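Structure first, commentary second.
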Protein chains: 2
Amino acid sequence: MSTAPCIVGVDIGGTKVACVLADAGGIILARQWQPTRAGEGWQAVVNQLLEMCEAVMQGVSREGIRGIGISCGGPLDSLRGIVYSPPNLPGWDAVPIVRLFEERFGLPVRLENDANATALAEHRFGAGRGTRNMVFMTWGTGIGGGLILDGRLYRGTNDLAGEIGHITILQDGPPCGCGKRGCLEALASGPSIARRARELAGDSPESALWQMTSPEEVTAQHVVDAAQAGDIFARFVLTEAATYMGIGIANLAQIVNPERVVLGTIAVKAGDLVLEPLRRALEVHAWSRVRQVLTVVPAELGGRAQDLAAVCLWLED
Amino acid sequence: MSTAPCIVGVDIGGTKVACVLADAGGIILARQWQPTRAGEGWQAVVNQLLEMCEAVMQGVSREGIRGIGISCGGPLDSLRGIVYSPPNLPGWDAVPIVRLFEERFGLPVRLENDANATALAEHRFGAGRGTRNMVFMTWGTGIGGGLILDGRLYRGTNDLAGEIGHITILQDGPPCGCGKRGCLEALASGPSIARRARELAGDSPESALWQMTSPEEVTAQHVVDAAQAGDIFARFVLTEAATYMGIGIANLAQIVNPERVVLGTIAVKAGDLVLEPLRRALEVHAWSRVRQVLTVVPAELGGRAQDLAAVCLWLED
């Protein structure tokens, strides 16, 4: 790997795409972003990205750039550099994104799924600094994970390591978007929190939640807001989701024995409202010797995570 | 690490202790074994082992020996070389076994828990040959695991990686020996299979099982024997345990994304009687893209596993 000082990071999301130029210390030197032209097919999005990359590299010689990192939702093949069909990118099917970028810029390109790339970023710059064994878990619309084991990203056999949102927690539990039942994601994700509030709405018409929104339109953000304002019903719904999250993390911890689990969005927004019940569940479901070495904390990078994630692909090894 | 041709392997079990001298190809050149003098305290067992090691090394110069590997039930600290209090070795408490062997023989000594060491053996010589990501699971009195990830043993933060027998499968399930409830081990281990047969005995007085043994004395081996003879009740009990095992392996696979899971004793003895229901459960509970790269097979080394396990500690890196 070259030791050139600059790295280009490309973040492909369903609603937003961004390109950054960064140095090896993670300082962002230039940044471009646009709403994703997802509805226009994959070529339109790739063209958007190529143009934005061109723009952030303006005035920097090719020799000054170590490589381009691309972070994208899976499924994808990091080794072959191919993005299959991410649910948030309709019309994508086996897009050879690494080859397209290599051909355009004559630079080496690496591709990684976004949970893995964010795990690298939290490990290097955020809440996982200094750890040897760390798990980053997205906790928002979906629940996914990235594993840093013995100090390195562990991808699994076909880029599916860390799919902890789809371990079965409740046999015969609610249906999951993935087609299974009772997955952690179906019990604890943002949409699952909203669904649960909706299901139980009839039992708690007096909740402050229903002064903020209707059962039809309730989101996890409403539930967190109402819980933070002290609403008992909203706290109950959050506690239930956090308890399932705690069971999922306990199962993960019995298998992976990490020293840190770093949790995304919902933990960052709701803090102790979810972390306390989560840790109580962990106490019941994970061994004390496993918990002894483990801390569960919210992510630290916030809005910087996406920018740094793709950049981190060129800070490894 | 020296490239000396010979390795000494020490296996410490609750009922049997053994020492072997082996070459780097896993060929056993000398072997000693004895019943464990477990009742006489740890010093007696260590003395047994030191004498047996002396015996297998007879006639071999120290320069010809790469090192001594010790495989033992946990909890233990592989880095510090200390065995804490394995349930099958009463009276052991923080025994500095590595130091004791190093002082006696002036050779480098490595310590590893038995599930991890057996994982290394199945990976090098058995059913995991040629794989990059493999999980070995004991399936007998207990359920434990050893993880080979990216070609190397992954131990976790304090030697507890792979404790898959103690993930929670059924909240409020039967109590587990570990103090938790509804652990995989409490649902699918040998003693759990026997317990389940006993619990259901009243519903199936006509089962061939009760011609072989009584509900008080039934063991998993009786259940396997009756199932192999075609007994429907015994098959039901095995299928239930294997289904839980399949759910556990599915959860493991969603997190670790291995290409092979190698299963110990009960899978070896019962074969398709457990592997078929196990694979059906895996189909329901693991993603098809995860299953695509995964095969679940019985262990291959049988009685050779223990001998090779400790030896393998000196075949790594």
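Chain labels run A, B, ... following the order of the structure tokens; each chain numbers its residues from 1, and ligands are numbered from 1 in the order shown.
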
Might you pull out every residue within 8 Å of Val218 of chain A, with only C-alpha atoms counted and same-chain residues fewer than 6 positions away left off, and present them as a PyMOL selection string? chain A and resi 194+197-198

With a distance threshold of 9 Å and counting only C-alpha atoms, extract the residues of chain A near chain B and express them as an MDAnalysis selection string. chainID A and resid 132:133 145 147 149:150 154:171 178:181 183 247:248 250:259 284:287 289:290 293:294

How about saving the chosen residues, N, CA and C atoms kept, as a short mmCIF file (atom, residue, chain, number, x, y, z; two decimals), in the first residue's frame?
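And here's selection12.cif as it stands now:
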```cif
data_model
loop_
_atom_site.label_atom_id
_atom_site.label_comp_id
_atom_site.auth_asym_id
_atom_site.auth_seq_id
_atom_site.Cartn_x
_atom_site.Cartn_y
_atom_site.Cartn_z
N ARG A 132 -9.03 -4.11 21.21
CA ARG A 132 -8.55 -5.16 20.32
C ARG A 132 -9.73 -5.90 19.68
N ASN A 133 -10.80 -6.09 20.47
CA ASN A 133 -11.98 -6.81 20.00
C ASN A 133 -13.21 -5.94 20.22
N GLY A 145 -23.99 -5.17 11.97
CA GLY A 145 -22.79 -5.07 12.79
C GLY A 145 -21.54 -5.19 11.99
N LEU A 147 -17.41 -6.35 12.83
CA LEU A 147 -16.58 -6.97 13.86
C LEU A 147 -15.10 -6.62 13.65
N LEU A 149 -11.81 -7.93 15.17
CA LEU A 149 -11.33 -9.02 16.02
C LEU A 149 -9.81 -9.09 15.93
N ASP A 150 -9.17 -9.21 17.08
CA ASP A 150 -7.71 -9.18 17.12
C ASP A 150 -7.18 -7.99 16.31
N TYR A 154 -13.07 -8.31 10.57
CA TYR A 154 -13.40 -9.68 10.19
C TYR A 154 -14.66 -9.66 9.33
N ARG A 155 -14.53 -10.11 8.08
CA ARG A 155 -15.64 -9.99 7.12
C ARG A 155 -16.50 -11.25 7.02
N GLY A 156 -15.97 -12.38 7.46
CA GLY A 156 -16.67 -13.64 7.25
C GLY A 156 -16.41 -14.20 5.87
N THR A 157 -17.08 -15.30 5.56
CA THR A 157 -16.78 -16.05 4.34
C THR A 157 -17.28 -15.35 3.09
N ASN A 158 -18.48 -14.78 3.14
CA ASN A 158 -18.95 -13.99 1.99
C ASN A 158 -19.56 -12.67 2.44
N ASP A 159 -18.76 -11.94 3.22
CA ASP A 159 -19.10 -10.57 3.63
C ASP A 159 -20.35 -10.47 4.49
N LEU A 160 -20.74 -11.56 5.17
CA LEU A 160 -21.96 -11.52 5.96
C LEU A 160 -21.70 -11.63 7.46
N ALA A 161 -20.45 -11.56 7.89
CA ALA A 161 -20.19 -11.57 9.33
C ALA A 161 -20.85 -10.35 9.96
N GLY A 162 -21.35 -10.53 11.19
CA GLY A 162 -21.91 -9.40 11.92
C GLY A 162 -23.36 -9.10 11.60
N GLU A 163 -24.06 -10.01 10.94
CA GLU A 163 -25.48 -9.76 10.64
C GLU A 163 -26.33 -10.10 11.86
N ILE A 164 -25.98 -9.43 12.96
CA ILE A 164 -26.58 -9.77 14.24
C ILE A 164 -28.03 -9.32 14.35
N GLY A 165 -28.47 -8.44 13.46
CA GLY A 165 -29.89 -8.06 13.45
C GLY A 165 -30.77 -9.22 13.06
N HIS A 166 -30.17 -10.26 12.49
CA HIS A 166 -30.98 -11.37 12.00
C HIS A 166 -30.65 -12.68 12.68
N ILE A 167 -30.26 -12.61 13.96
CA ILE A 167 -30.28 -13.81 14.78
C ILE A 167 -31.70 -13.92 15.33
N THR A 168 -32.14 -15.16 15.54
CA THR A 168 -33.49 -15.40 16.05
C THR A 168 -33.49 -15.22 17.56
N ILE A 169 -34.33 -14.30 18.02
CA ILE A 169 -34.44 -14.06 19.47
C ILE A 169 -35.73 -14.68 19.99
N LEU A 170 -36.79 -14.58 19.23
CA LEU A 170 -38.09 -15.12 19.62
C LEU A 170 -38.59 -16.04 18.52
N GLN A 171 -38.53 -17.35 18.75
CA GLN A 171 -39.12 -18.26 17.77
C GLN A 171 -40.60 -17.90 17.67
N CYS A 178 -36.58 -9.42 6.49
CA CYS A 178 -35.68 -10.35 5.80
C CYS A 178 -36.39 -11.64 5.41
N GLY A 179 -37.63 -11.84 5.90
CA GLY A 179 -38.36 -13.06 5.57
C GLY A 179 -38.42 -14.05 6.72
N LYS A 180 -37.54 -13.89 7.71
CA LYS A 180 -37.59 -14.77 8.88
C LYS A 180 -38.59 -14.21 9.90
N ARG A 181 -38.63 -14.85 11.08
CA ARG A 181 -39.49 -14.40 12.17
C ARG A 181 -38.67 -14.21 13.43
N CYS A 183 -36.50 -12.14 14.45
CA CYS A 183 -35.15 -11.60 14.40
C CYS A 183 -35.02 -10.43 15.37
N ILE A 247 -30.44 -8.91 25.01
CA ILE A 247 -30.34 -10.36 24.81
C ILE A 247 -29.50 -10.65 23.57
N GLY A 248 -29.74 -9.89 22.50
CA GLY A 248 -28.93 -10.07 21.29
C GLY A 248 -27.46 -9.82 21.54
N ALA A 250 -25.96 -10.04 24.43
CA ALA A 250 -25.47 -11.12 25.29
C ALA A 250 -25.07 -12.33 24.45
N ASN A 251 -25.93 -12.71 23.49
CA ASN A 251 -25.61 -13.86 22.64
C ASN A 251 -24.35 -13.59 21.82
N LEU A 252 -24.28 -12.39 21.27
CA LEU A 252 -23.08 -11.98 20.55
C LEU A 252 -21.85 -12.08 21.45
N ALA A 253 -21.98 -11.60 22.68
CA ALA A 253 -20.82 -11.55 23.58
C ALA A 253 -20.37 -12.94 23.99
N GLN A 254 -21.33 -13.89 24.14
CA GLN A 254 -20.95 -15.26 24.49
C GLN A 254 -20.18 -15.92 23.34
N ILE A 255 -20.39 -15.44 22.12
CA ILE A 255 -19.71 -16.03 20.97
C ILE A 255 -18.41 -15.29 20.65
N VAL A 256 -18.43 -13.96 20.75
CA VAL A 256 -17.30 -13.16 20.26
C VAL A 256 -16.42 -12.64 21.41
N ASN A 257 -16.98 -12.56 22.63
CA ASN A 257 -16.19 -12.14 23.81
C ASN A 257 -15.42 -10.83 23.54
N PRO A 258 -16.17 -9.79 23.13
CA PRO A 258 -15.51 -8.52 22.80
C PRO A 258 -15.25 -7.69 24.05
N GLU A 259 -14.39 -6.70 23.95
CA GLU A 259 -14.21 -5.80 25.09
C GLU A 259 -15.08 -4.56 24.96
N VAL A 284 -28.52 -10.58 32.89
CA VAL A 284 -29.23 -11.85 33.02
C VAL A 284 -28.72 -12.86 32.00
N HIS A 285 -28.37 -12.39 30.81
CA HIS A 285 -28.15 -13.31 29.70
C HIS A 285 -26.69 -13.53 29.30
N ALA A 286 -25.75 -12.78 29.90
CA ALA A 286 -24.33 -13.04 29.60
C ALA A 286 -23.60 -13.37 30.90
N TRP A 287 -22.61 -14.21 30.81
CA TRP A 287 -21.83 -14.61 31.97
C TRP A 287 -21.12 -13.40 32.59
N ARG A 289 -18.14 -13.37 33.74
CA ARG A 289 -16.77 -13.29 33.25
C ARG A 289 -16.71 -12.67 31.84
N VAL A 290 -17.80 -12.82 31.09
CA VAL A 290 -17.87 -12.18 29.77
C VAL A 290 -18.12 -10.67 29.95
N VAL A 293 -15.14 -7.93 31.11
CA VAL A 293 -14.22 -7.27 30.19
C VAL A 293 -14.95 -6.40 29.16
N LEU A 294 -16.29 -6.34 29.27
CA LEU A 294 -17.11 -5.73 28.21
C LEU A 294 -17.73 -4.41 28.65
#
```

From a DSSP calculation on the backbone, collect every residue of segment 25-240 of chain A in strand (DSSP E or B) and output the set as a PyMOL selection string. chain A and resi 28-35+65-72+76-77+82-83+95+109-113+134-139+143-149+152-154+168+175+181+183

For C-alpha atoms, I'd like the residues from the last selection saved as an mmCIF file, in the first residue's frame.
```cif
data_model
loop_
_atom_site.group_PDB
_atom_site.id
_atom_site.type_symbol
_atom_site.label_atom_id
_atom_site.label_comp_id
_atom_site.auth_asym_id
_atom_site.auth_seq_id
_atom_site.Cartn_x
_atom_site.Cartn_y
_atom_site.Cartn_z
ATOM 1 C CA ILE A 28 -11.495 16.179 6.038
ATOM 2 C CA LEU A 29 -9.839 18.470 3.461
ATOM 3 C CA ALA A 30 -12.692 18.666 0.968
ATOM 4 C CA ARG A 31 -16.259 17.420 0.849
ATOM 5 C CA GLN A 32 -19.085 17.142 -1.652
ATOM 6 C CA TRP A 33 -22.545 15.744 -1.114
ATOM 7 C CA GLN A 34 -25.808 15.462 -3.057
ATOM 8 C CA PRO A 35 -29.189 13.770 -2.669
ATOM 9 C CA ILE A 65 -3.675 9.889 -3.255
ATOM 10 C CA ARG A 66 -3.319 6.522 -1.515
ATOM 11 C CA GLY A 67 -6.586 5.141 -2.808
ATOM 12 C CA ILE A 68 -10.346 5.468 -2.982
ATOM 13 C CA GLY A 69 -12.564 3.816 -0.369
ATOM 14 C CA ILE A 70 -16.224 3.125 -1.063
ATOM 15 C CA SER A 71 -18.745 2.414 1.693
ATOM 16 C CA CYS A 72 -22.136 1.067 0.618
ATOM 17 C CA LEU A 76 -21.872 -6.781 -1.836
ATOM 18 C CA ASP A 77 -18.660 -8.660 -2.569
ATOM 19 C CA ILE A 82 -19.237 -5.716 -6.771
ATOM 20 C CA VAL A 83 -22.408 -4.242 -5.250
ATOM 21 C CA VAL A 95 -22.633 -3.260 -10.269
ATOM 22 C CA VAL A 109 -10.173 1.221 -4.978
ATOM 23 C CA ARG A 110 -11.569 -0.697 -2.000
ATOM 24 C CA LEU A 111 -15.234 -1.497 -1.305
ATOM 25 C CA GLU A 112 -16.766 -2.352 2.065
ATOM 26 C CA ASN A 113 -20.280 -2.589 3.470
ATOM 27 C CA MET A 134 -14.859 -4.500 19.215
ATOM 28 C CA VAL A 135 -18.299 -4.802 17.663
ATOM 29 C CA PHE A 136 -20.049 -1.832 16.097
ATOM 30 C CA MET A 137 -23.803 -2.204 15.751
ATOM 31 C CA THR A 138 -26.063 -0.017 13.682
ATOM 32 C CA TRP A 139 -29.319 0.528 15.581
ATOM 33 C CA ILE A 143 -29.665 -3.578 12.959
ATOM 34 C CA GLY A 144 -26.316 -4.720 11.580
ATOM 35 C CA GLY A 145 -22.795 -5.072 12.790
ATOM 36 C CA GLY A 146 -19.130 -4.859 11.990
ATOM 37 C CA LEU A 147 -16.577 -6.973 13.856
ATOM 38 C CA ILE A 148 -13.038 -5.879 14.681
ATOM 39 C CA LEU A 149 -11.334 -9.018 16.016
ATOM 40 C CA ARG A 152 -8.589 -6.314 12.272
ATOM 41 C CA LEU A 153 -11.865 -6.197 10.388
ATOM 42 C CA TYR A 154 -13.395 -9.684 10.189
ATOM 43 C CA THR A 168 -33.487 -15.398 16.048
ATOM 44 C CA PRO A 175 -42.150 -11.252 10.887
ATOM 45 C CA ARG A 181 -39.489 -14.396 12.171
ATOM 46 C CA CYS A 183 -35.146 -11.598 14.397
#
```

Considering only C-alpha atoms, return as a ChimeraX atom specification whatever protein or nucleic-acid residues lie within 9 Å of Gln48 of chain A, sequence-local ones (same chain, fewer than 2 positions apart) excluded. /A:17,34,36-37,43-46,50-53

Tell me, as a PyMOL selection string, which residues lie within 7 Å of segment 303-317 of chain A, counting only C-alpha atoms; anything in the same chain fewer than 4 positions away does not count. chain A and resi 7-11+20+24+26+67+69-71+110+117-118+120-121

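With only C-alpha atoms as the atoms that count, the minimum distance from Trp210 of chain A to the choices A:Trp42, A:Phe101, A:Phe233, A:Phe125 is reached by A:Phe233.
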
Can you check which residues of segment 50-294 of chain B DSSP gives as helix (DSSP H, G or I) on the backbone and send them as a ChimeraX atom specification? /B:50-57,62-64,97-105,114-125,164-166,184-188,190-199,201-203,209-212,220-228,232-256,265-270,272-285,288-292

Compare A:Ala18, A:Glu185, A:Ala4, A:Arg62 by their minimum atom-to-atom distance to Leu49 of chain A, counting only C-alpha atoms, and give me the closest one. A:Ala18

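A straight line drawn from atom CA of Thr3 of chain B to atom CA of Gly59 of chain B is 18.7 Å long.
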
Name all residues at most 8 Å from Thr141 of chain B (count only C-alpha atoms; drop same-chain ones fewer than 5 positions away) and give them as a list in words. Ser189, Gly190 and Pro191 of chain B

Need the shell around Asp231 of chain A: protein/DNA/RNA residues with any atom at most 8 Å away, counting only C-alpha atoms. Skip same-chain ones fewer than 4 positions apart. Format as a list in words? Ser207, Ala208, Leu209, Ala226, Ala227 and Arg235 of chain A

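You will find atom CA of Gly140 of chain B at 24.8 Å from atom CA of Asp93 of chain B.
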
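Across the structure, atom CA of Gly264 of chain A and atom CA of Pro298 of chain A are spaced 6.2 Å apart.
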